[in-house]
Amino acid sequence: MPVFTRFSGSSQPGDGVPEAEDEPAGGEREESERGAPAASGPAPEASRTSLGHRLTRLRAWRTRHPRAARALHLTTTALAAALILGALLLPNTLPALKAVSFARIPAEAVIGAVVVLALPRRPRLVAAVLYGLGLTALTTVNLLDMGFNEYLGRGFNAALDWDLLPDAQAYVEDTLGGGVATAVTVGAVVLVLLVAAVMVAATIRLSTVLARHRVRATKGTLIAGTVWVTCSALGLTLFGGPIASERGAGALRVHAQRTVESLRDEAAFVQQSKADTFGNTPPGQLLPDLRGKDVIFTFIESYGRSAVEDPIMAPGVDRTLDTSTKALEKAGFAARSGWLTSATYGGSSWLGHSTTMSGLWIDNQRRYRTVSAGDHLTLTKAFQKTGAWDTVGVMPGVQKGWPEEKWYGLDKLYDSRDLGYRGPKFSWSTMPDQYALEAFQRQVHGKKRDKPLMSFVILTSSHQPWAPIPKMVGWDELGDGSVFDAIQKAGKKASDVLTDTTKSREEYGKSIQYSVTSLTQWLERYGTDDTVLVFLGDHQPIARVSGNGASRDVPVSIVAKDPKVLDKVAGWNWTEGLKPGRDAPVWKMSSFRDRFLKAFGSTPHPSKG
């Protein structure tokens, strides 16, 4: 029997030596003293020779370099322990990602040590692998939580949010290019596989070390468990958090509960979406007080409350709103403004659009798919149902087939391919808002027709990453959009703005100014005595711009020349002008449809689920 040199502590065997069966309780024997385990079955002679050769070389190296071998053993063991503890204590938000967050005792580590010490070799190996895969899942959902909290103001939902990952890839491709999008996608997959491999290796490594030093490991685990129980019972804290942590188990429990609740919510929402206050209202009793008016519903991307109240963004945006209010008043228009609380935050704009138009709270993709596949009455479809309006959609952000146009009740959809734009893209946005509005005027609004027009317009220039941003040009100079070539080339790069919080906030504010200016100048130029414009934001910008803990409120305004239109909403107590006051009413976005229908004379005739 060969004798191995000991390098670590008083009884540490050489690294990489095959582990023998567990020693009897009550004593600690070196694996080198027990000898290598017997093979479980016959093996090819070549394999045995190859393995023996490698082990011989490894033992020889350790014999020649005992200090290096000991340092390597201690380093890899310490790294494995740090990796496991880090995964168990990893927060799920970027602001919480601080060194003090890791100054805790995780209960999951204590329990894991107890399990390892209680199992024989082969079950212990299986348990270590499963534990490593569990840590991989925990790390993955924590990283997803960080991203979702940063961009959407909420955690990742395993039951609902996988469908959003392709949209995220498309956004990166439109913003930073196809090469970057592919690299990010491949990098994400490789990262998950790498984390899994490293985590499993770490758990196997640490479980082996604990088993080899069973007596001392048992004592240490007992002490750690006692300290954890004591700190938990006394509620002891350190650096503002509890010393006794169950962060890992708590995170997985939250995700499991979130998944179960989402599945239950889906079933309940199906029934809720079938009930409709105006589901059976006859066409003649819908919107009688707007007959003859050209009504335009416009969403401004990411136009949130922060734009008009944040100290960095608000000064410029407020000046634009004040200037635009005065210009519209000079043109004969008046405005009233309030607040709506959006169903989404930081992204997923279609959830805000559908919530406003349907009167249902649509805060996730599954709800959106459920309701848009049904026949629940949207506000835009109410206009179509009357037969008194032509209904159109203008959506420069749509670049492929969009089946929801039927649910929205649109007779005709004009997407990015239909507006004649030949200029450059501005990051994600396919064309500047000013051009989209001029194309709307040229192809739709400015044409003579037998019926008034109801238009559903989605503007995109204020979509993140807010670089480069278009600039206003003469309305008569727009042409096919080629005039924007020089402006796009001279603008900031998306990659520079994305990595700088201050620049992101500044450029976001400028993009809102641009979108508001484009829309209000269009109204000044082309609005008539019968034009009624309703415009609002779909959601707040991402948390890095709006700030952690920001509200989900967005501004909403109604603009018209006919004073009778605004008289209908006088009871809403909205603020005069385009800037809602801080004390203006705040409604849930889902309440807007019914309030609007009732304000303009619609009679409820409910349908039941």
# chains A, B, ... in the order shown; residues from 1 in each chain; ligands from 1

$ residues_around --residues "A:Leu459" --least-positions-apart "6" --cutoff "8 Å" --atoms "only C-alpha atoms" --output "CSV table (one decimal) with N, CA and C atoms, in the first residue's frame"
chain,number,residue,atom,x,y,z
A,298,THR,N,-53.8,58.5,-28.6
A,298,THR,CA,-52.4,58.4,-28.9
A,298,THR,C,-51.6,58.0,-27.6
A,299,PHE,N,-50.7,57.0,-27.7
A,299,PHE,CA,-49.9,56.6,-26.6
A,299,PHE,C,-48.4,57.2,-26.9
A,300,ILE,N,-47.8,57.8,-25.9
A,300,ILE,CA,-46.5,58.2,-26.0
A,300,ILE,C,-45.6,57.2,-25.2
A,301,GLU,N,-44.7,56.6,-25.9
A,301,GLU,CA,-43.9,55.6,-25.2
A,301,GLU,C,-43.1,56.1,-24.0
A,395,MET,N,-49.2,52.4,-36.3
A,395,MET,CA,-48.3,51.8,-35.4
A,395,MET,C,-46.9,51.6,-36.0
A,396,PRO,N,-46.1,52.6,-36.0
A,396,PRO,CA,-44.7,52.4,-36.6
A,396,PRO,C,-43.8,51.4,-35.9
A,397,GLY,N,-44.2,51.0,-34.7
A,397,GLY,CA,-43.4,50.0,-34.0
A,397,GLY,C,-43.7,48.6,-34.4
A,433,ASP,N,-41.3,60.2,-34.6
A,433,ASP,CA,-42.7,60.5,-34.4
A,433,ASP,C,-43.2,61.6,-35.3
A,436,ALA,N,-44.0,59.9,-38.6
A,436,ALA,CA,-45.2,59.0,-38.5
A,436,ALA,C,-46.5,59.8,-38.4
A,515,SER,N,-41.3,64.0,-28.4
A,515,SER,CA,-42.6,63.3,-28.8
A,515,SER,C,-43.8,64.2,-28.5

$ residues_around --residues "A:Ala127" --least-positions-apart "4" --cutoff "12 Å" --atoms "only C-alpha atoms" --output "MDAnalysis selection string"
chainID A and resid 111:123 131:134 200 203:204 206:208

$ closest_residue --among "A:Gly423, A:Pro282, A:Gly577, A:Gly393" --to "A:Asp411" --atoms "only C-alpha atoms"
A:Gly393

$ atom_distance --atom1 "atom CA of A:Ile105" --atom2 "atom CA of A:Glu246"
8.3 Å

$ residues_around --residues "stretch 525-542 of chain A" --least-positions-apart "5" --cutoff "8 Å" --atoms "only C-alpha atoms" --output "PyMOL selection string"
chain A and resi 150-153+292-306+342-347+349-350+352-353+441+446+464+547+551-562+565

$ residues_around --residues "A:Val317" --least-positions-apart "3" --cutoff "12 Å" --atoms "only C-alpha atoms" --output "PyMOL selection string"
chain A and resi 303-314+320-324+505-517+578-579

$ residues_around --residues "stretch 248-263 of chain A" --least-positions-apart "6" --cutoff "9 Å" --atoms "only C-alpha atoms" --output "ChimeraX atom specification"
/A:87-90,92,106-108,135,137-138,141-142,155-160

$ write_last_selection --atoms "C-alpha atoms" --output "short mmCIF file (atom, residue, chain, number, x, y, z; two decimals), in the first residue's frame"
data_model
loop_
_atom_site.label_atom_id
_atom_site.label_comp_id
_atom_site.auth_asym_id
_atom_site.auth_seq_id
_atom_site.Cartn_x
_atom_site.Cartn_y
_atom_site.Cartn_z
CA ALA A 87 -25.25 31.66 -4.19
CA LEU A 88 -27.32 31.13 -1.03
CA LEU A 89 -27.07 34.79 0.00
CA LEU A 90 -27.24 36.44 -3.45
CA ASN A 92 -32.39 39.57 -6.29
CA PRO A 106 -27.52 30.69 5.63
CA ALA A 107 -29.70 27.95 7.09
CA GLU A 108 -29.47 26.06 3.80
CA LEU A 135 -27.98 26.45 -6.45
CA ALA A 137 -31.60 27.36 -10.38
CA LEU A 138 -31.50 29.76 -7.44
CA VAL A 141 -33.84 33.16 -10.92
CA ASN A 142 -32.02 35.73 -8.79
CA GLY A 155 -39.55 40.09 -10.16
CA PHE A 156 -39.37 37.34 -12.75
CA ASN A 157 -42.44 35.10 -13.03
CA ALA A 158 -41.56 31.58 -14.11
CA ALA A 159 -45.15 30.90 -15.17
CA LEU A 160 -45.51 33.95 -17.40
#

$ select_by_dssp --residues "stretch 437-480 of chain A" --states "helix (DSSP H, G or I)" --output "list of chain:residue names"
A:Leu437, A:Glu438, A:Ala439, A:Phe440, A:Gln441, A:Arg442, A:Gln443, A:Val444, A:His445, A:Trp475, A:Asp476, A:Glu477

$ write_last_selection --atoms "all heavy atoms" --output "mmCIF file, in the first residue's frame"
data_model
loop_
_atom_site.group_PDB
_atom_site.id
_atom_site.type_symbol
_atom_site.label_atom_id
_atom_site.label_comp_id
_atom_site.auth_asym_id
_atom_site.auth_seq_id
_atom_site.Cartn_x
_atom_site.Cartn_y
_atom_site.Cartn_z
ATOM 1 N N LEU A 437 -46.456 60.940 -37.754
ATOM 2 C CA LEU A 437 -47.662 61.774 -37.690
ATOM 3 C C LEU A 437 -47.943 62.439 -39.039
ATOM 4 O O LEU A 437 -49.108 62.560 -39.446
ATOM 5 C CB LEU A 437 -47.503 62.826 -36.595
ATOM 6 C CG LEU A 437 -47.551 62.261 -35.167
ATOM 7 C CD1 LEU A 437 -47.030 63.282 -34.162
ATOM 8 C CD2 LEU A 437 -48.972 61.842 -34.805
ATOM 9 N N GLU A 438 -46.899 62.884 -39.725
ATOM 10 C CA GLU A 438 -47.098 63.485 -41.043
ATOM 11 C C GLU A 438 -47.611 62.443 -42.039
ATOM 12 O O GLU A 438 -48.482 62.730 -42.867
ATOM 13 C CB GLU A 438 -45.781 64.085 -41.538
ATOM 14 C CG GLU A 438 -45.839 64.681 -42.945
ATOM 15 C CD GLU A 438 -46.778 65.880 -43.052
ATOM 16 O OE1 GLU A 438 -47.052 66.514 -42.002
ATOM 17 O OE2 GLU A 438 -47.231 66.180 -44.179
ATOM 18 N N ALA A 439 -47.075 61.199 -41.949
ATOM 19 C CA ALA A 439 -47.570 60.132 -42.821
ATOM 20 C C ALA A 439 -49.024 59.813 -42.498
ATOM 21 O O ALA A 439 -49.830 59.539 -43.413
ATOM 22 C CB ALA A 439 -46.700 58.889 -42.654
ATOM 23 N N PHE A 440 -49.378 59.827 -41.235
ATOM 24 C CA PHE A 440 -50.772 59.637 -40.817
ATOM 25 C C PHE A 440 -51.661 60.711 -41.431
ATOM 26 O O PHE A 440 -52.754 60.421 -41.939
ATOM 27 C CB PHE A 440 -50.828 59.671 -39.287
ATOM 28 C CG PHE A 440 -52.204 59.821 -38.693
ATOM 29 C CD1 PHE A 440 -53.227 58.948 -39.027
ATOM 30 C CD2 PHE A 440 -52.471 60.840 -37.788
ATOM 31 C CE1 PHE A 440 -54.491 59.090 -38.472
ATOM 32 C CE2 PHE A 440 -53.720 60.982 -37.230
ATOM 33 C CZ PHE A 440 -54.742 60.111 -37.570
ATOM 34 N N GLN A 441 -51.198 61.932 -41.415
ATOM 35 C CA GLN A 441 -51.970 63.021 -41.993
ATOM 36 C C GLN A 441 -52.113 62.846 -43.510
ATOM 37 O O GLN A 441 -53.210 62.993 -44.068
ATOM 38 C CB GLN A 441 -51.292 64.363 -41.700
ATOM 39 C CG GLN A 441 -51.939 65.573 -42.345
ATOM 40 C CD GLN A 441 -53.346 65.827 -41.854
ATOM 41 O OE1 GLN A 441 -53.687 65.434 -40.733
ATOM 42 N NE2 GLN A 441 -54.169 66.476 -42.664
ATOM 43 N N ARG A 442 -51.012 62.502 -44.157
ATOM 44 C CA ARG A 442 -50.985 62.399 -45.618
ATOM 45 C C ARG A 442 -51.819 61.217 -46.120
ATOM 46 O O ARG A 442 -52.547 61.345 -47.116
ATOM 47 C CB ARG A 442 -49.532 62.266 -46.080
ATOM 48 C CG ARG A 442 -49.351 62.197 -47.578
ATOM 49 C CD ARG A 442 -47.880 62.228 -47.968
ATOM 50 N NE ARG A 442 -47.121 61.119 -47.396
ATOM 51 C CZ ARG A 442 -46.180 61.245 -46.468
ATOM 52 N NH1 ARG A 442 -45.892 62.454 -45.974
ATOM 53 N NH2 ARG A 442 -45.530 60.188 -46.023
ATOM 54 N N GLN A 443 -51.725 60.083 -45.423
ATOM 55 C CA GLN A 443 -52.366 58.870 -45.928
ATOM 56 C C GLN A 443 -53.747 58.607 -45.336
ATOM 57 O O GLN A 443 -54.531 57.849 -45.914
ATOM 58 C CB GLN A 443 -51.472 57.651 -45.621
ATOM 59 C CG GLN A 443 -50.146 57.684 -46.361
ATOM 60 C CD GLN A 443 -49.280 56.471 -46.056
ATOM 61 O OE1 GLN A 443 -48.118 56.592 -45.740
ATOM 62 N NE2 GLN A 443 -49.851 55.289 -46.151
ATOM 63 N N VAL A 444 -54.053 59.228 -44.201
ATOM 64 C CA VAL A 444 -55.294 58.876 -43.511
ATOM 65 C C VAL A 444 -56.091 60.109 -43.103
ATOM 66 O O VAL A 444 -57.172 60.396 -43.633
ATOM 67 C CB VAL A 444 -54.999 58.016 -42.251
ATOM 68 C CG1 VAL A 444 -56.312 57.549 -41.617
ATOM 69 C CG2 VAL A 444 -54.113 56.838 -42.574
ATOM 70 N N HIS A 445 -55.573 60.854 -42.149
ATOM 71 C CA HIS A 445 -56.348 61.923 -41.516
ATOM 72 C C HIS A 445 -56.718 63.049 -42.471
ATOM 73 O O HIS A 445 -57.793 63.645 -42.345
ATOM 74 C CB HIS A 445 -55.554 62.476 -40.326
ATOM 75 C CG HIS A 445 -56.292 63.483 -39.505
ATOM 76 N ND1 HIS A 445 -56.153 64.849 -39.684
ATOM 77 C CD2 HIS A 445 -57.188 63.327 -38.493
ATOM 78 C CE1 HIS A 445 -56.915 65.487 -38.816
ATOM 79 N NE2 HIS A 445 -57.558 64.593 -38.082
ATOM 80 N N TRP A 475 -42.021 70.825 -41.198
ATOM 81 C CA TRP A 475 -43.010 69.825 -41.598
ATOM 82 C C TRP A 475 -43.041 69.646 -43.111
ATOM 83 O O TRP A 475 -43.313 68.549 -43.605
ATOM 84 C CB TRP A 475 -44.391 70.218 -41.076
ATOM 85 C CG TRP A 475 -44.514 70.038 -39.591
ATOM 86 C CD1 TRP A 475 -44.187 70.939 -38.622
ATOM 87 C CD2 TRP A 475 -44.979 68.869 -38.920
ATOM 88 N NE1 TRP A 475 -44.402 70.397 -37.376
ATOM 89 C CE2 TRP A 475 -44.919 69.136 -37.523
ATOM 90 C CE3 TRP A 475 -45.460 67.633 -39.343
ATOM 91 C CZ2 TRP A 475 -45.295 68.199 -36.565
ATOM 92 C CZ3 TRP A 475 -45.854 66.700 -38.389
ATOM 93 C CH2 TRP A 475 -45.769 66.979 -37.019
ATOM 94 N N ASP A 476 -42.741 70.702 -43.831
ATOM 95 C CA ASP A 476 -42.732 70.605 -45.287
ATOM 96 C C ASP A 476 -41.444 69.973 -45.815
ATOM 97 O O ASP A 476 -41.318 69.731 -47.021
ATOM 98 C CB ASP A 476 -42.890 71.997 -45.915
ATOM 99 C CG ASP A 476 -44.244 72.612 -45.584
ATOM 100 O OD1 ASP A 476 -45.212 71.833 -45.413
ATOM 101 O OD2 ASP A 476 -44.334 73.854 -45.472
ATOM 102 N N GLU A 477 -40.472 69.704 -44.926
ATOM 103 C CA GLU A 477 -39.193 69.136 -45.337
ATOM 104 C C GLU A 477 -39.116 67.624 -45.099
ATOM 105 O O GLU A 477 -38.100 67.000 -45.401
ATOM 106 C CB GLU A 477 -38.048 69.817 -44.567
ATOM 107 C CG GLU A 477 -37.964 71.321 -44.764
ATOM 108 C CD GLU A 477 -36.940 71.955 -43.835
ATOM 109 O OE1 GLU A 477 -36.186 71.194 -43.179
ATOM 110 O OE2 GLU A 477 -36.895 73.191 -43.750
#

$ closest_residue --among "A:Ala373, A:Ala543, A:Lys588, A:Val457" --to "A:Arg154" --atoms "only C-alpha atoms"
A:Ala543

$ residues_around --residues "stretch 595-598 of chain A" --least-positions-apart "2" --cutoff "10 Å" --atoms "only C-alpha atoms" --output "PyMOL selection string"
chain A and resi 278+285-290+359+379+382+568-569+572+590-593+600-604

$ write_last_selection --atoms "N, CA, C and O atoms" --output "mmCIF file, in the first residue's frame"
data_model
loop_
_atom_site.group_PDB
_atom_site.id
_atom_site.type_symbol
_atom_site.label_atom_id
_atom_site.label_comp_id
_atom_site.auth_asym_id
_atom_site.auth_seq_id
_atom_site.Cartn_x
_atom_site.Cartn_y
_atom_site.Cartn_z
ATOM 1 N N PHE A 278 -70.355 46.979 -20.751
ATOM 2 C CA PHE A 278 -70.959 47.464 -21.999
ATOM 3 C C PHE A 278 -71.026 46.355 -23.058
ATOM 4 O O PHE A 278 -71.171 46.635 -24.248
ATOM 5 N N GLN A 285 -76.419 53.198 -28.699
ATOM 6 C CA GLN A 285 -76.251 53.748 -27.352
ATOM 7 C C GLN A 285 -74.781 53.839 -26.933
ATOM 8 O O GLN A 285 -74.472 54.039 -25.773
ATOM 9 N N LEU A 286 -73.895 53.711 -27.892
ATOM 10 C CA LEU A 286 -72.467 53.863 -27.628
ATOM 11 C C LEU A 286 -71.974 55.209 -28.154
ATOM 12 O O LEU A 286 -72.194 55.550 -29.327
ATOM 13 N N LEU A 287 -71.372 56.009 -27.279
ATOM 14 C CA LEU A 287 -70.688 57.253 -27.633
ATOM 15 C C LEU A 287 -71.542 58.234 -28.433
ATOM 16 O O LEU A 287 -71.068 58.861 -29.392
ATOM 17 N N PRO A 288 -72.797 58.426 -28.062
ATOM 18 C CA PRO A 288 -73.633 59.354 -28.837
ATOM 19 C C PRO A 288 -73.145 60.795 -28.789
ATOM 20 O O PRO A 288 -73.384 61.564 -29.733
ATOM 21 N N ASP A 289 -72.454 61.186 -27.707
ATOM 22 C CA ASP A 289 -72.033 62.586 -27.555
ATOM 23 C C ASP A 289 -70.730 62.906 -28.281
ATOM 24 O O ASP A 289 -70.239 64.041 -28.179
ATOM 25 N N LEU A 290 -70.169 61.926 -29.001
ATOM 26 C CA LEU A 290 -68.970 62.202 -29.802
ATOM 27 C C LEU A 290 -69.240 62.034 -31.292
ATOM 28 O O LEU A 290 -68.302 62.125 -32.097
ATOM 29 N N GLY A 359 -60.496 48.103 -20.304
ATOM 30 C CA GLY A 359 -61.110 48.255 -18.996
ATOM 31 C C GLY A 359 -60.800 47.101 -18.058
ATOM 32 O O GLY A 359 -61.396 46.994 -16.980
ATOM 33 N N LEU A 379 -62.334 50.002 -26.133
ATOM 34 C CA LEU A 379 -62.833 51.351 -26.391
ATOM 35 C C LEU A 379 -62.768 51.673 -27.874
ATOM 36 O O LEU A 379 -63.698 52.265 -28.440
ATOM 37 N N ALA A 382 -65.529 49.942 -29.686
ATOM 38 C CA ALA A 382 -66.838 50.559 -29.458
ATOM 39 C C ALA A 382 -67.151 51.558 -30.572
ATOM 40 O O ALA A 382 -68.303 51.661 -31.030
ATOM 41 N N LYS A 568 -68.057 67.626 -20.864
ATOM 42 C CA LYS A 568 -68.480 66.265 -20.522
ATOM 43 C C LYS A 568 -67.597 65.632 -19.451
ATOM 44 O O LYS A 568 -68.023 64.716 -18.743
ATOM 45 N N VAL A 569 -66.345 66.107 -19.354
ATOM 46 C CA VAL A 569 -65.421 65.528 -18.372
ATOM 47 C C VAL A 569 -65.124 66.509 -17.237
ATOM 48 O O VAL A 569 -64.168 66.309 -16.480
ATOM 49 N N TRP A 572 -64.552 65.204 -13.779
ATOM 50 C CA TRP A 572 -63.340 64.441 -13.483
ATOM 51 C C TRP A 572 -62.345 65.250 -12.640
ATOM 52 O O TRP A 572 -61.411 64.687 -12.084
ATOM 53 N N SER A 590 -57.217 50.782 -15.820
ATOM 54 C CA SER A 590 -58.329 49.927 -16.248
ATOM 55 C C SER A 590 -59.686 50.592 -16.072
ATOM 56 O O SER A 590 -60.692 50.108 -16.607
ATOM 57 N N SER A 591 -59.749 51.703 -15.341
ATOM 58 C CA SER A 591 -61.036 52.381 -15.143
ATOM 59 C C SER A 591 -61.353 53.376 -16.249
ATOM 60 O O SER A 591 -62.474 53.883 -16.333
ATOM 61 N N PHE A 592 -60.357 53.660 -17.108
ATOM 62 C CA PHE A 592 -60.535 54.733 -18.083
ATOM 63 C C PHE A 592 -61.616 54.411 -19.104
ATOM 64 O O PHE A 592 -62.428 55.279 -19.466
ATOM 65 N N ARG A 593 -61.660 53.190 -19.602
ATOM 66 C CA ARG A 593 -62.623 52.849 -20.648
ATOM 67 C C ARG A 593 -64.047 53.163 -20.219
ATOM 68 O O ARG A 593 -64.794 53.863 -20.924
ATOM 69 N N PHE A 600 -69.343 60.225 -22.319
ATOM 70 C CA PHE A 600 -69.829 60.632 -23.629
ATOM 71 C C PHE A 600 -71.104 59.891 -24.030
ATOM 72 O O PHE A 600 -71.356 59.630 -25.209
ATOM 73 N N GLY A 601 -71.911 59.591 -23.003
ATOM 74 C CA GLY A 601 -73.300 59.209 -23.227
ATOM 75 C C GLY A 601 -73.596 57.753 -23.432
ATOM 76 O O GLY A 601 -74.744 57.392 -23.754
ATOM 77 N N SER A 602 -72.640 56.851 -23.279
ATOM 78 C CA SER A 602 -72.894 55.427 -23.499
ATOM 79 C C SER A 602 -73.733 54.840 -22.373
ATOM 80 O O SER A 602 -73.576 55.214 -21.202
ATOM 81 N N THR A 603 -74.620 53.928 -22.712
ATOM 82 C CA THR A 603 -75.515 53.298 -21.739
ATOM 83 C C THR A 603 -75.034 51.890 -21.427
ATOM 84 O O THR A 603 -74.899 51.058 -22.339
ATOM 85 N N PRO A 604 -74.760 51.566 -20.153
ATOM 86 C CA PRO A 604 -74.298 50.210 -19.817
ATOM 87 C C PRO A 604 -75.386 49.162 -20.039
ATOM 88 O O PRO A 604 -76.538 49.354 -19.653
#

$ atom_distance --atom1 "atom CA of A:Met431" --atom2 "atom CA of A:Pro470"
8.8 Å

$ closest_residue --among "A:Ala103, A:Asp363, A:Ser461, A:Ser455" --to "A:Ile243" --atoms "only C-alpha atoms"
A:Ala103

$ atom_distance --atom1 "atom CA of A:Val394" --atom2 "atom CA of A:Phe456"
6.2 Å

$ residues_around --residues "stretch 427-430 of chain A" --least-positions-apart "5" --cutoff "12 Å" --atoms "only C-alpha atoms" --output "short mmCIF file (atom, residue, chain, number, x, y, z; two decimals) with C-alpha atoms, in the first residue's frame"
data_model
loop_
_atom_site.label_atom_id
_atom_site.label_comp_id
_atom_site.auth_asym_id
_atom_site.auth_seq_id
_atom_site.Cartn_x
_atom_site.Cartn_y
_atom_site.Cartn_z
CA ASP A 167 -38.85 40.17 -27.10
CA ALA A 168 -35.80 41.09 -25.05
CA GLN A 169 -33.57 39.55 -27.70
CA ALA A 170 -35.40 41.47 -30.44
CA TYR A 171 -34.95 44.70 -28.47
CA VAL A 172 -31.19 44.12 -28.14
CA GLU A 173 -31.00 43.32 -31.86
CA ASP A 174 -32.87 46.50 -32.83
CA THR A 175 -30.86 48.60 -30.38
CA LEU A 176 -27.31 47.27 -30.59
CA GLY A 177 -27.35 45.07 -33.69
CA GLU A 301 -43.89 55.56 -25.23
CA MET A 395 -48.26 51.77 -35.37
CA PRO A 396 -44.73 52.44 -36.60
CA GLY A 397 -43.40 49.98 -33.99
CA VAL A 398 -45.18 47.02 -35.59
CA GLN A 399 -42.87 45.31 -38.09
CA ASP A 415 -47.57 49.68 -39.59
CA SER A 416 -43.90 50.47 -40.21
CA ARG A 417 -44.12 48.98 -43.72
CA ASP A 418 -47.06 51.11 -44.80
CA LEU A 419 -45.92 54.64 -43.95
CA GLY A 420 -43.40 55.18 -46.78
CA TYR A 421 -40.42 55.88 -44.55
CA ARG A 422 -37.00 55.69 -46.23
CA TYR A 435 -42.62 61.62 -39.66
CA ALA A 436 -45.15 59.01 -38.45
CA ILE A 458 -48.69 54.52 -30.97
CA LEU A 459 -45.62 56.80 -30.99
CA THR A 460 -42.17 55.26 -30.47
CA SER A 461 -39.41 57.90 -30.45
CA SER A 462 -39.28 57.96 -26.64
CA HIS A 463 -38.60 54.21 -26.43
CA GLN A 464 -35.42 53.24 -24.61
CA PRO A 465 -32.44 53.45 -24.99
CA TRP A 466 -33.14 57.10 -25.92
CA ALA A 467 -30.21 57.40 -28.29
CA PRO A 468 -30.00 58.66 -30.90
CA ILE A 469 -33.00 61.02 -30.58
CA PRO A 470 -34.60 62.72 -33.61
CA GLY A 481 -37.64 60.70 -44.10
CA PHE A 484 -33.13 62.47 -40.78
CA GLN A 488 -29.26 60.13 -36.82
CA LYS A 489 -25.53 60.04 -37.57
CA GLY A 491 -26.84 61.61 -32.42
CA LYS A 492 -25.51 59.81 -29.38
CA LYS A 493 -24.76 56.11 -29.50
CA ALA A 494 -27.14 53.78 -27.69
CA SER A 495 -24.24 51.92 -26.06
CA VAL A 497 -26.33 56.09 -23.00
CA LEU A 498 -27.25 52.59 -21.81
CA SER A 511 -37.10 62.19 -26.02
#

$ closest_residue --among "A:Ala486, A:Val100, A:Ala550, A:Ile84" --to "A:Thr341" --atoms "only C-alpha atoms"
A:Ala550

$ decode --residues "stretch 341-351 of chain A" --atoms "N, CA, C and O atoms" --output "PDB file, in the first residue's frame"
ATOM      1  N   THR A 341     -52.788  55.090 -13.296  1.00  0.00           N
ATOM      2  CA  THR A 341     -51.792  54.142 -12.794  1.00  0.00           C
ATOM      3  C   THR A 341     -51.697  52.974 -13.768  1.00  0.00           C
ATOM      4  O   THR A 341     -52.654  52.223 -13.942  1.00  0.00           O
ATOM      5  N   SER A 342     -50.537  52.833 -14.389  1.00  0.00           N
ATOM      6  CA  SER A 342     -50.365  51.836 -15.445  1.00  0.00           C
ATOM      7  C   SER A 342     -50.303  50.419 -14.886  1.00  0.00           C
ATOM      8  O   SER A 342     -49.867  50.188 -13.754  1.00  0.00           O
ATOM      9  N   ALA A 343     -50.708  49.471 -15.719  1.00  0.00           N
ATOM     10  CA  ALA A 343     -50.635  48.057 -15.351  1.00  0.00           C
ATOM     11  C   ALA A 343     -49.239  47.490 -15.555  1.00  0.00           C
ATOM     12  O   ALA A 343     -48.960  46.368 -15.129  1.00  0.00           O
ATOM     13  N   THR A 344     -48.337  48.262 -16.174  1.00  0.00           N
ATOM     14  CA  THR A 344     -46.980  47.782 -16.405  1.00  0.00           C
ATOM     15  C   THR A 344     -45.994  48.885 -16.057  1.00  0.00           C
ATOM     16  O   THR A 344     -46.384  50.014 -15.753  1.00  0.00           O
ATOM     17  N   TYR A 345     -44.719  48.526 -16.088  1.00  0.00           N
ATOM     18  CA  TYR A 345     -43.678  49.464 -15.652  1.00  0.00           C
ATOM     19  C   TYR A 345     -42.387  49.140 -16.392  1.00  0.00           C
ATOM     20  O   TYR A 345     -41.963  47.985 -16.437  1.00  0.00           O
ATOM     21  N   GLY A 346     -41.792  50.140 -17.002  1.00  0.00           N
ATOM     22  CA  GLY A 346     -40.491  49.970 -17.610  1.00  0.00           C
ATOM     23  C   GLY A 346     -40.491  49.331 -18.988  1.00  0.00           C
ATOM     24  O   GLY A 346     -39.501  49.401 -19.706  1.00  0.00           O
ATOM     25  N   GLY A 347     -41.579  48.671 -19.377  1.00  0.00           N
ATOM     26  CA  GLY A 347     -41.643  47.981 -20.662  1.00  0.00           C
ATOM     27  C   GLY A 347     -42.966  47.277 -20.835  1.00  0.00           C
ATOM     28  O   GLY A 347     -43.917  47.527 -20.092  1.00  0.00           O
ATOM     29  N   SER A 348     -43.044  46.391 -21.829  1.00  0.00           N
ATOM     30  CA  SER A 348     -44.292  45.681 -22.151  1.00  0.00           C
ATOM     31  C   SER A 348     -45.417  46.673 -22.400  1.00  0.00           C
ATOM     32  O   SER A 348     -46.502  46.582 -21.821  1.00  0.00           O
ATOM     33  N   SER A 349     -45.159  47.607 -23.289  1.00  0.00           N
ATOM     34  CA  SER A 349     -46.107  48.701 -23.545  1.00  0.00           C
ATOM     35  C   SER A 349     -47.502  48.210 -23.902  1.00  0.00           C
ATOM     36  O   SER A 349     -48.502  48.852 -23.560  1.00  0.00           O
ATOM     37  N   TRP A 350     -47.561  47.071 -24.601  1.00  0.00           N
ATOM     38  CA  TRP A 350     -48.863  46.565 -25.051  1.00  0.00           C
ATOM     39  C   TRP A 350     -49.793  46.255 -23.872  1.00  0.00           C
ATOM     40  O   TRP A 350     -51.001  46.263 -24.032  1.00  0.00           O
ATOM     41  N   LEU A 351     -49.225  45.998 -22.700  1.00  0.00           N
ATOM     42  CA  LEU A 351     -50.065  45.768 -21.527  1.00  0.00           C
ATOM     43  C   LEU A 351     -50.771  47.061 -21.113  1.00  0.00           C
ATOM     44  O   LEU A 351     -51.930  47.043 -20.706  1.00  0.00           O
TER      45      LEU A 351
END
